[in-house]
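K.L.:
I'm passing along start.cif; it holds mmCIF, C-alpha atoms.
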data_query
loop_
_atom_site.label_atom_id
_atom_site.label_comp_id
_atom_site.auth_asym_id
_atom_site.auth_seq_id
_atom_site.Cartn_x
_atom_site.Cartn_y
_atom_site.Cartn_z
CA MET A 287 33.49 42.58 -58.67
CA ASP A 288 29.92 43.59 -58.12
CA PRO A 289 29.86 47.32 -57.30
CA ILE A 290 27.59 46.66 -54.35
CA ASP A 291 29.30 43.55 -52.97
CA THR A 292 32.98 44.07 -52.23
CA GLY A 293 33.60 40.48 -51.28
CA SER A 294 33.82 41.21 -47.58
CA GLY A 295 30.41 42.78 -47.16
CA SER A 296 27.76 44.94 -48.77
CA ILE A 297 28.12 48.69 -48.72
CA LEU A 298 24.41 48.82 -47.85
CA ARG A 299 24.85 47.13 -44.45
CA GLN A 300 26.48 49.96 -42.52
CA PRO A 301 26.07 51.50 -39.06
CA LYS A 302 24.11 54.71 -38.70
CA ALA A 303 27.35 56.63 -38.11
CA VAL A 304 28.61 55.65 -41.56
CA TRP A 305 25.38 56.66 -43.27
CA ALA A 306 25.34 59.97 -41.42
CA THR A 307 28.90 60.76 -42.53
CA ALA A 308 28.28 59.55 -46.10
CA GLY A 309 25.10 61.61 -46.35
CA ALA A 310 26.91 64.73 -45.19
CA SER A 311 29.66 63.92 -47.71
CA VAL A 312 27.12 63.96 -50.54
CA VAL A 313 26.05 67.47 -49.54
CA ALA A 314 29.68 68.57 -49.14
CA PHE A 315 30.51 67.48 -52.69
CA MET A 316 27.29 69.06 -53.93
CA GLY A 317 28.73 72.40 -52.86
CA ILE A 318 31.39 72.22 -55.58
CA GLY A 319 28.99 72.26 -58.52
CA LEU A 320 26.01 73.85 -56.81
CA VAL A 321 26.66 77.32 -58.22
CA ASP A 322 27.32 76.11 -61.79
CA PRO A 323 23.80 76.52 -63.26
CA ILE A 324 23.14 79.78 -61.38
CA LEU A 325 26.36 81.64 -62.25
CA PRO A 326 24.61 83.79 -64.90
CA SER A 327 21.73 84.43 -62.44
CA ILE A 328 24.18 85.50 -59.72
CA ALA A 329 25.93 87.81 -62.17
CA GLU A 330 22.60 89.39 -63.10
CA GLY A 331 21.34 89.58 -59.51
CA LEU A 332 24.50 91.22 -58.17
CA ASP A 333 25.25 93.27 -61.29
CA ALA A 334 28.58 91.49 -61.72
CA THR A 335 30.68 90.35 -64.65
CA ALA A 336 31.44 86.73 -65.54
CA GLY A 337 34.98 87.22 -64.28
CA GLN A 338 33.79 88.52 -60.91
CA VAL A 339 31.30 85.70 -60.43
CA SER A 340 33.89 83.08 -61.39
CA LEU A 341 35.85 84.20 -58.33
CA LEU A 342 33.31 82.15 -56.34
CA PHE A 343 35.35 79.13 -57.43
CA THR A 344 38.69 80.89 -57.04
CA SER A 345 38.18 81.90 -53.41
CA TYR A 346 36.67 78.52 -52.55
CA PHE A 347 39.52 76.44 -53.97
CA LEU A 348 42.32 78.80 -52.97
CA ILE A 349 41.32 78.41 -49.34
CA THR A 350 40.79 74.67 -49.89
CA ALA A 351 44.36 74.35 -51.20
CA LEU A 352 45.87 76.22 -48.28
CA ALA A 353 43.70 74.28 -45.83
CA MET A 354 45.31 71.03 -46.97
CA LEU A 355 48.30 71.99 -44.83
CA VAL A 356 46.02 72.43 -41.83
CA THR A 357 43.49 69.60 -41.94
CA GLY A 358 45.88 66.82 -40.87
CA PHE A 359 47.35 69.08 -38.20
CA VAL A 360 43.89 69.73 -36.77
CA SER A 361 42.40 66.21 -37.03
CA SER A 362 45.47 64.54 -35.49
CA ARG A 363 45.04 66.77 -32.42
CA ILE A 364 41.29 67.09 -31.84
CA GLY A 365 40.13 63.84 -33.48
CA GLY A 366 38.08 63.01 -36.55
CA ARG A 367 34.61 63.59 -35.09
CA LYS A 368 35.38 67.09 -33.82
CA THR A 369 37.09 67.97 -37.11
CA LEU A 370 34.00 66.86 -39.06
CA LEU A 371 31.72 68.89 -36.81
CA LEU A 372 33.96 71.95 -37.04
CA GLY A 373 33.95 71.70 -40.85
CA LEU A 374 30.18 71.24 -40.96
CA ALA A 375 29.60 74.20 -38.65
CA LEU A 376 31.72 76.45 -40.86
CA VAL A 377 29.84 75.32 -43.99
CA VAL A 378 26.47 75.96 -42.33
CA VAL A 379 27.50 79.47 -41.28
CA PHE A 380 29.19 80.54 -44.52
CA ALA A 381 26.69 78.88 -46.89
CA GLY A 382 23.92 80.69 -45.06
CA LEU A 383 25.79 83.98 -45.18
CA SER A 384 26.39 83.46 -48.92
CA GLY A 385 22.65 83.58 -49.45
CA THR A 386 22.46 86.99 -47.75
CA SER A 387 25.21 88.61 -49.84
CA GLY A 388 24.55 92.10 -51.09
CA SER A 389 27.55 92.25 -53.40
CA VAL A 390 29.74 89.87 -55.33
CA GLY A 391 32.65 90.77 -53.03
CA GLU A 392 30.73 89.58 -49.99
CA LEU A 393 29.72 86.39 -51.76
CA VAL A 394 33.32 85.65 -52.79
CA GLY A 395 34.45 86.14 -49.20
CA PHE A 396 31.75 83.89 -47.77
CA ARG A 397 32.63 81.20 -50.31
CA ALA A 398 36.21 81.31 -49.01
CA GLY A 399 34.96 80.51 -45.50
CA TRP A 400 32.81 77.77 -46.99
CA GLY A 401 35.93 76.34 -48.66
CA LEU A 402 37.74 76.11 -45.31
CA GLY A 403 34.83 74.24 -43.74
CA ASN A 404 34.52 71.90 -46.70
CA ALA A 405 38.26 71.14 -46.65
CA LEU A 406 38.14 70.21 -42.96
CA PHE A 407 35.13 67.99 -43.51
CA VAL A 408 36.02 66.27 -46.78
CA SER A 409 39.64 65.57 -45.87
CA THR A 410 38.50 63.78 -42.70
CA ALA A 411 35.30 62.05 -43.84
CA LEU A 412 36.91 59.08 -45.58
CA ALA A 413 39.10 58.13 -42.64
CA VAL A 414 36.06 58.36 -40.36
CA ILE A 415 33.94 56.21 -42.69
CA VAL A 416 36.69 53.58 -42.91
CA GLY A 417 37.03 53.53 -39.13
CA ALA A 418 33.30 53.08 -38.53
CA ALA A 419 32.30 50.94 -41.53
CA ALA A 420 31.31 47.29 -41.53
CA GLY A 421 32.61 45.02 -44.28
CA GLY A 422 36.17 46.24 -44.51
CA SER A 423 37.94 49.14 -46.16
CA ALA A 424 36.84 48.24 -49.69
CA ALA A 425 33.15 48.63 -48.82
CA ALA A 426 33.82 51.90 -46.99
CA ILE A 427 35.81 53.41 -49.85
CA LEU A 428 33.23 52.38 -52.44
CA LEU A 429 30.57 54.06 -50.32
CA TYR A 430 32.67 57.22 -50.11
CA GLU A 431 33.32 57.24 -53.87
CA SER A 432 29.59 56.79 -54.46
CA ALA A 433 28.89 59.75 -52.17
CA LEU A 434 31.34 61.88 -54.14
CA GLY A 435 29.81 60.93 -57.48
CA LEU A 436 26.26 61.45 -56.24
CA GLY A 437 27.19 64.84 -54.79
CA MET A 438 28.93 66.01 -57.97
CA ALA A 439 25.93 64.88 -60.03
CA CYS A 440 23.23 66.32 -57.77
CA GLY A 441 24.91 69.65 -57.00
CA PRO A 442 24.08 71.29 -60.35
CA LEU A 443 20.58 69.78 -60.31
CA VAL A 444 19.78 71.10 -56.82
CA GLY A 445 21.32 74.43 -57.76
CA ALA A 446 19.05 74.63 -60.80
CA LEU A 447 15.85 73.60 -59.00
CA LEU A 448 16.30 76.04 -56.12
CA GLY A 449 18.03 78.69 -58.18
CA ASP A 450 15.19 78.99 -60.66
CA ALA A 451 13.23 80.89 -58.01
CA SER A 452 16.22 82.84 -56.64
CA TRP A 453 19.97 82.46 -56.83
CA ARG A 454 20.01 82.78 -53.03
CA TYR A 455 17.98 79.64 -52.31
CA PRO A 456 20.68 77.05 -53.19
CA PHE A 457 22.94 78.56 -50.52
CA PHE A 458 20.22 78.46 -47.89
CA GLY A 459 19.34 74.91 -48.95
CA THR A 460 22.94 73.76 -48.54
CA ALA A 461 23.15 75.34 -45.10
CA ALA A 462 19.97 73.54 -44.03
CA LEU A 463 21.15 70.15 -45.33
CA MET A 464 24.54 70.52 -43.68
CA ALA A 465 22.84 71.46 -40.41
CA ILE A 466 20.92 68.19 -40.61
CA GLY A 467 24.23 66.42 -41.25
CA PHE A 468 25.71 68.12 -38.18
CA VAL A 469 22.85 66.84 -36.00
CA CYS A 470 23.11 63.30 -37.42
CA ILE A 471 26.88 63.07 -36.90
CA THR A 472 26.52 64.48 -33.38
CA ALA A 473 23.91 61.82 -32.59
CA PHE A 474 25.36 58.74 -34.29
CA LEU A 475 29.13 59.09 -34.63
CA LYS A 476 31.39 58.27 -31.71
CA GLU A 477 34.88 59.75 -31.43
CA GLN A 478 37.43 57.96 -33.59
CA PRO A 479 40.91 56.90 -32.36
CA ARG A 480 43.50 59.62 -32.93
CA PRO A 481 46.64 58.88 -35.00
CA ALA A 482 49.65 57.65 -33.04
CA ARG A 483 51.73 60.48 -34.51
CA LYS A 484 50.58 64.08 -34.79
CA THR A 485 50.88 65.64 -38.25
CA SER A 486 52.86 68.87 -38.57
CA LEU A 487 51.95 71.73 -40.89
CA LEU A 488 55.00 71.07 -43.08
CA ASP A 489 54.63 67.28 -43.45
CA PRO A 490 52.60 67.54 -46.70
CA VAL A 491 55.17 69.93 -48.20
CA LYS A 492 58.05 67.66 -47.19
CA ALA A 493 56.26 64.71 -48.84
CA LEU A 494 56.44 66.57 -52.16
CA GLY A 495 60.21 66.11 -52.06
CA HIS A 496 59.58 62.64 -53.47
CA GLY A 497 59.98 62.79 -57.26
CA GLY A 498 57.06 60.50 -58.05
CA LEU A 499 54.60 62.37 -55.83
CA ALA A 500 55.82 65.75 -57.10
CA SER A 501 55.40 64.58 -60.71
CA THR A 502 51.88 63.36 -60.02
CA ALA A 503 50.99 66.66 -58.34
CA VAL A 504 52.39 68.80 -61.18
CA SER A 505 50.59 66.76 -63.83
CA ALA A 506 47.37 66.96 -61.80
CA PHE A 507 47.84 70.72 -61.52
CA PHE A 508 47.70 71.07 -65.31
CA TYR A 509 44.78 68.66 -65.52
CA ASN A 510 42.81 70.50 -62.84
CA TYR A 511 43.15 73.73 -64.79
CA THR A 512 41.35 72.00 -67.66
CA PHE A 513 38.78 70.43 -65.33
CA PHE A 514 37.77 73.70 -63.72
CA THR A 515 37.74 75.65 -66.94
CA VAL A 516 34.95 73.28 -67.98
CA LEU A 517 33.19 73.52 -64.62
CA ALA A 518 33.43 77.27 -64.01
CA PHE A 519 33.53 78.86 -67.48
CA THR A 520 31.30 76.63 -69.62
CA PRO A 521 28.00 77.80 -68.02
CA PHE A 522 28.60 81.28 -69.45
CA VAL A 523 29.32 79.84 -72.89
CA LEU A 524 26.23 77.61 -72.87
CA ASN A 525 24.12 80.58 -71.69
CA MET A 526 21.15 78.40 -70.75
CA SER A 527 18.40 78.68 -68.16
CA PRO A 528 19.21 77.27 -64.71
CA TYR A 529 17.05 74.20 -65.43
CA ARG A 530 18.76 73.40 -68.74
CA SER A 531 22.23 74.11 -67.42
CA GLY A 532 21.51 72.00 -64.34
CA ALA A 533 20.39 69.11 -66.53
CA VAL A 534 23.59 69.31 -68.59
CA PHE A 535 25.82 69.25 -65.53
CA PHE A 536 23.70 66.55 -63.88
CA ALA A 537 24.42 64.31 -66.88
CA TRP A 538 28.07 65.39 -66.64
CA GLY A 539 28.14 64.38 -62.97
CA VAL A 540 26.47 61.02 -63.61
CA LEU A 541 29.15 60.11 -66.16
CA LEU A 542 31.83 61.33 -63.75
CA ALA A 543 30.48 59.02 -61.03
CA VAL A 544 30.06 55.97 -63.27
CA PHE A 545 33.47 56.26 -64.92
CA SER A 546 35.32 56.97 -61.67
CA VAL A 547 33.79 54.14 -59.66
CA ILE A 548 33.13 51.45 -62.29
CA VAL A 549 34.94 52.10 -65.57
CA ALA A 550 38.32 53.49 -64.47
CA PRO A 551 39.31 50.46 -62.33
CA ARG A 552 38.53 48.10 -65.22
CA LEU A 553 40.54 50.19 -67.68
CA GLN A 554 43.46 50.27 -65.26
CA LYS A 555 43.39 46.52 -64.85
CA ARG A 556 43.44 45.97 -68.60
CA PHE A 557 45.77 48.70 -69.87
CA GLY A 558 47.72 50.00 -66.87
CA SER A 559 47.37 53.26 -64.95
CA LEU A 560 49.79 55.44 -66.92
CA GLN A 561 48.45 54.37 -70.31
CA VAL A 562 44.88 55.05 -69.20
CA LEU A 563 45.82 58.42 -67.70
CA GLY A 564 47.81 59.59 -70.73
CA GLY A 565 45.13 58.53 -73.18
CA SER A 566 42.33 60.07 -71.14
CA LEU A 567 44.18 63.40 -70.87
CA VAL A 568 44.71 63.56 -74.64
CA LEU A 569 41.05 62.74 -75.26
CA LEU A 570 40.05 65.43 -72.75
CA ALA A 571 42.20 67.95 -74.63
CA VAL A 572 40.43 67.08 -77.89
CA ASP A 573 37.02 67.20 -76.22
CA VAL A 574 37.64 70.64 -74.68
CA LEU A 575 38.97 72.02 -77.96
CA VAL A 576 35.85 70.85 -79.82
CA LEU A 577 33.71 72.26 -77.01
CA GLY A 578 35.27 75.68 -77.47
CA TYR A 579 35.02 75.84 -81.25
CA GLY A 580 31.84 73.86 -81.95
CA GLY A 581 28.26 75.03 -82.10
CA HIS A 582 25.89 75.13 -79.14
CA THR A 583 24.71 71.50 -79.42
CA THR A 584 28.31 70.33 -79.82
CA ALA A 585 29.31 72.29 -76.72
CA VAL A 586 26.55 70.63 -74.71
CA VAL A 587 27.57 67.14 -75.85
CA CYS A 588 31.27 67.78 -75.20
CA THR A 589 30.51 69.15 -71.74
CA VAL A 590 28.65 65.97 -70.82
CA VAL A 591 31.33 63.72 -72.36
CA SER A 592 34.06 65.51 -70.41
CA GLY A 593 32.49 64.12 -67.23
CA ALA A 594 33.48 60.58 -68.26
CA LEU A 595 37.09 61.58 -68.92
CA ILE A 596 37.29 63.62 -65.72
CA GLY A 597 35.97 60.64 -63.75
CA VAL A 598 38.71 58.38 -65.13
CA ASN A 599 41.41 60.97 -64.48
CA ASN A 600 40.31 61.64 -60.90
CA THR A 601 40.55 57.99 -59.97
CA VAL A 602 43.95 57.31 -61.56
CA TYR A 603 45.57 60.52 -60.33
CA THR A 604 44.64 60.03 -56.73
CA GLU A 605 45.63 56.35 -56.71
CA LEU A 606 49.03 57.39 -58.04
CA ALA A 607 49.34 60.13 -55.45
CA LEU A 608 48.50 57.79 -52.60
CA GLY A 609 50.84 54.99 -53.67
CA VAL A 610 53.83 56.49 -55.43
CA SER A 611 55.76 57.60 -52.32
CA ASP A 612 56.52 56.09 -48.93
CA ALA A 613 54.86 58.97 -47.08
CA PRO A 614 51.79 58.13 -44.95
CA ARG A 615 48.84 58.24 -47.27
CA PRO A 616 46.96 61.05 -45.52
CA VAL A 617 50.14 63.17 -45.70
CA ALA A 618 50.77 62.29 -49.37
CA SER A 619 47.15 63.09 -50.19
CA ALA A 620 47.40 66.47 -48.45
CA GLY A 621 50.58 67.39 -50.33
CA TYR A 622 49.12 66.32 -53.65
CA ASN A 623 45.88 68.21 -53.10
CA PHE A 624 47.76 71.28 -51.86
CA VAL A 625 49.33 71.58 -55.34
CA ARG A 626 46.43 70.61 -57.56
CA TRP A 627 43.76 72.77 -55.90
CA PHE A 628 45.72 75.90 -56.81
CA ALA A 629 44.86 75.16 -60.44
CA ALA A 630 41.19 74.84 -59.46
CA ALA A 631 41.50 78.35 -58.04
CA ALA A 632 43.41 79.71 -61.07
CA ALA A 633 41.19 78.45 -63.91
CA PRO A 634 37.97 80.28 -62.92
CA PHE A 635 39.98 83.51 -62.58
CA PHE A 636 41.99 83.31 -65.81
CA ALA A 637 39.39 81.85 -68.19
CA PRO A 638 37.18 85.01 -68.24
CA LYS A 639 40.29 87.19 -68.39
CA ILE A 640 41.58 85.28 -71.40
CA GLU A 641 38.20 85.75 -73.08
CA GLU A 642 38.40 89.50 -72.45
CA TRP A 643 41.92 89.62 -73.94
CA SER A 644 41.06 87.51 -76.99
CA ASP A 645 37.77 85.72 -77.70
CA VAL A 646 35.47 83.08 -76.25
CA HIS A 647 37.39 80.23 -77.93
CA MET A 648 40.80 80.93 -76.44
CA PRO A 649 40.06 79.81 -72.82
CA PHE A 650 39.28 76.36 -74.16
CA THR A 651 42.41 76.36 -76.29
CA VAL A 652 44.46 77.08 -73.18
CA ALA A 653 42.56 74.34 -71.31
CA ALA A 654 43.34 71.87 -74.08
CA VAL A 655 47.03 72.81 -73.89
CA THR A 656 47.12 72.28 -70.12
CA ALA A 657 45.58 68.82 -70.52
CA VAL A 658 48.32 67.94 -73.01
CA LEU A 659 50.95 69.33 -70.62
CA GLY A 660 49.56 67.02 -67.93
CA ALA A 661 49.98 64.07 -70.30
CA LEU A 662 53.53 65.17 -71.18
CA VAL A 663 54.52 65.26 -67.51
CA VAL A 664 53.27 61.68 -67.17
CA LEU A 665 55.23 60.68 -70.28
CA VAL A 666 58.48 62.40 -69.32
CA ARG A 667 58.34 61.27 -65.69
CA ARG A 668 57.04 57.76 -66.40
CA ARG A 669 60.11 56.12 -64.84
CA ALA A 670 59.35 57.80 -61.51
CA LEU A 671 55.76 56.59 -61.79
CA THR A 672 55.99 53.24 -63.57
CA ALA A 673 57.03 50.96 -60.72
CA GLU A 674 54.14 52.00 -58.55
CA ALA A 675 51.67 52.37 -61.42
CA GLU A 676 52.21 48.74 -62.42
CA GLU A 677 51.29 47.63 -58.93
CA LEU A 678 48.20 49.81 -58.64
CA ARG A 679 44.86 48.08 -58.73
CA PRO A 680 41.42 49.37 -57.75
CA ALA A 681 41.82 47.92 -54.24
CA HIS A 682 45.37 49.24 -53.83
CA ALA A 683 44.27 52.45 -52.16
CA THR A 684 42.14 50.70 -49.55
CA GLU A 685 44.99 50.32 -47.09
CA ASP A 686 45.69 52.68 -44.23
CA GLY A 687 42.19 54.13 -44.32
CA VAL A 688 42.68 56.30 -47.39
CA GLY A 689 41.07 55.71 -50.77
CA VAL A 690 40.71 56.92 -54.28
CA PHE A 691 39.11 60.27 -53.51
CA ALA A 692 41.02 61.39 -50.44
CA ASN A 693 40.50 65.05 -51.16
#
Rewrite the structure from the file as structure tokens, please.

P.N.:
Amino acid sequence: MDPIDTGSGSILRQPKAVWATAGASVVAFMGIGLVDPILPSIAEGLDATAGQVSLLFTSYFLITALAMLVTGFVSSRIGGRKTLLLGLALVVVFAGLSGTSGSVGELVGFRAGWGLGNALFVSTALAVIVGAAAGGSAAAILLYESALGLGMACGPLVGALLGDASWRYPFFGTAALMAIGFVCITAFLKEQPRPARKTSLLDPVKALGHGGLASTAVSAFFYNYTFFTVLAFTPFVLNMSPYRSGAVFFAWGVLLAVFSVIVAPRLQKRFGSLQVLGGSLVLLAVDVLVLGYGGHTTAVVCTVVSGALIGVNNTVYTELALGVSDAPRPVASAGYNFVRWFAAAAAPFFAPKIEEWSDVHMPFTVAAVTAVLGALVVLVRRRALTAEAEELRPAHATEDGVGVFAN
């Protein structure tokens, strides 16, 4: 299938409302990696340690994880458009406040508020795009996946370009871009139909009672620890200028986008979801181990290569999460993300601590072990996952308005 033509229509022929939401989604995903190339600059500017600055990720993703229990509750009551605008407004306010921080404590707190806004926006954006898109669900989901990949790739680059002058500018830039997104969605997006059934706060937790979904979430928890060790701790190890670090993570993000949108579906079709996931996790473990113990050039190469493996894993994990249980897909996605985002909060906190307790290599050793643990969970629980995994195809997650990256 041509990545631009889904068979039912081109992703380029979309209403203004879809482009407004997709554009805001790019900026929302940029916020994840935006601080990567400027972490050392923030540490220097606020007289903070690597461990303190890494809490920018911890606070962000801890609130994001907890917000997964709230987003469905909110959107099923006030509607998708209002939820998007509420999320955007929170990001504008807290991203702007982040740029005014006078201490690392203030910055960590403002990033937590940013995480809440981003969770409300991102968790609702896909359903809104699917509801407003022309050309069917497949075109809408491909557009959303492309927005995610573009945002993850451009975040470090924008952070580097603006952060070279001051570490504060990327935060102000994000606030300005999200404000533009707020205006565009207000102008072009009409209110979407509300779900027939309102989601309760405990529905995502109850969904985790399904063995297959719980297994997927636990495996993804271990994997996410590895993922965010690379994202949050590697910039300190590379110790490069914002420009150079931004270039490294831009290349990382490009591979993540290409492998998640184009390569992963083809690998799944040929080898099967569980085989692809298990193999990719083992390769990621090897890559992270070499990253931690190799020289500087090797670390740069392994950082970039990890983007390809992370892209494959992201696609397969979320497809499994959305299809392995009989829970409504938005509810299953919320439960799955509620578990895995806790690892995204834990890794940035523990990696610098582990370095303090041992040496700079040990955080990557731990990250390699967690990737292997993720693969072992898939292996041990394969019976709970196999039936659904065999049925999964790239288009499988296009039903019910929820797709591969329903974060």

K.L.:
Convert the output of the PyMOL selection byres ((chain A and resi 548-554) around 8) on the shown file into explicit residues, formatted as a list in words.

P.N.:
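Selected by the PyMOL selection byres ((chain A and resi 548-554) around 8) in this file: Pro289, Val544, Phe545, Ser546, Val547, Lys555, Arg556, Phe557, Gly558, Ser559, Val562, Gly597, Val598, Thr601, Val602, Arg679 and Pro680 of chain A.
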
K.L.:
For the residues in the current selection, export C-alpha atoms as a PDB file, in the coordinates of the input.

P.N.:
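Below you can see part_38.pdb, which holds the result:
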ATOM      1  CA  PRO A 289      29.860  47.320 -57.300  1.00  0.00           C
ATOM      2  CA  VAL A 544      30.060  55.970 -63.270  1.00  0.00           C
ATOM      3  CA  PHE A 545      33.470  56.260 -64.920  1.00  0.00           C
ATOM      4  CA  SER A 546      35.320  56.970 -61.670  1.00  0.00           C
ATOM      5  CA  VAL A 547      33.790  54.140 -59.660  1.00  0.00           C
ATOM      6  CA  LYS A 555      43.390  46.520 -64.850  1.00  0.00           C
ATOM      7  CA  ARG A 556      43.440  45.970 -68.600  1.00  0.00           C
ATOM      8  CA  PHE A 557      45.770  48.700 -69.870  1.00  0.00           C
ATOM      9  CA  GLY A 558      47.720  50.000 -66.870  1.00  0.00           C
ATOM     10  CA  SER A 559      47.370  53.260 -64.950  1.00  0.00           C
ATOM     11  CA  VAL A 562      44.880  55.050 -69.200  1.00  0.00           C
ATOM     12  CA  GLY A 597      35.970  60.640 -63.750  1.00  0.00           C
ATOM     13  CA  VAL A 598      38.710  58.380 -65.130  1.00  0.00           C
ATOM     14  CA  THR A 601      40.550  57.990 -59.970  1.00  0.00           C
ATOM     15  CA  VAL A 602      43.950  57.310 -61.560  1.00  0.00           C
ATOM     16  CA  ARG A 679      44.860  48.080 -58.730  1.00  0.00           C
ATOM     17  CA  PRO A 680      41.420  49.370 -57.750  1.00  0.00           C
TER      18      PRO A 680
END

K.L.:
Could you please determine the separation between CA of Ala336 (chain A) and CA of Phe519 (chain A) in Å, to one decimal place?

P.N.:
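These atoms are spaced 8.4 Å apart.
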
K.L.:
What gap, in Å, lies between CA of Asn510 (chain A) and CA of Val377 (chain A)?

P.N.:
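Calculated distance between CA of Asn510 (chain A) and CA of Val377 (chain A) is 23.4 Å.
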
K.L.:
Can you turn the PyMOL selection byres ((chain A and resi 480) around 12) into a concrete residue list for this file, as a ChimeraX atom specification?

P.N.:
/A:358-369,410,413-414,417,477-479,481-485

K.L.:
I'd like the neighbourhood of Ala461 (chain A) as a PyMOL selection string, where a residue qualifies if any of its atoms comes within 6 Å (using only C-alpha atoms), though same-chain residues fewer than 3 positions away should be ignored.

P.N.:
chain A and resi 378+381-382+458+464
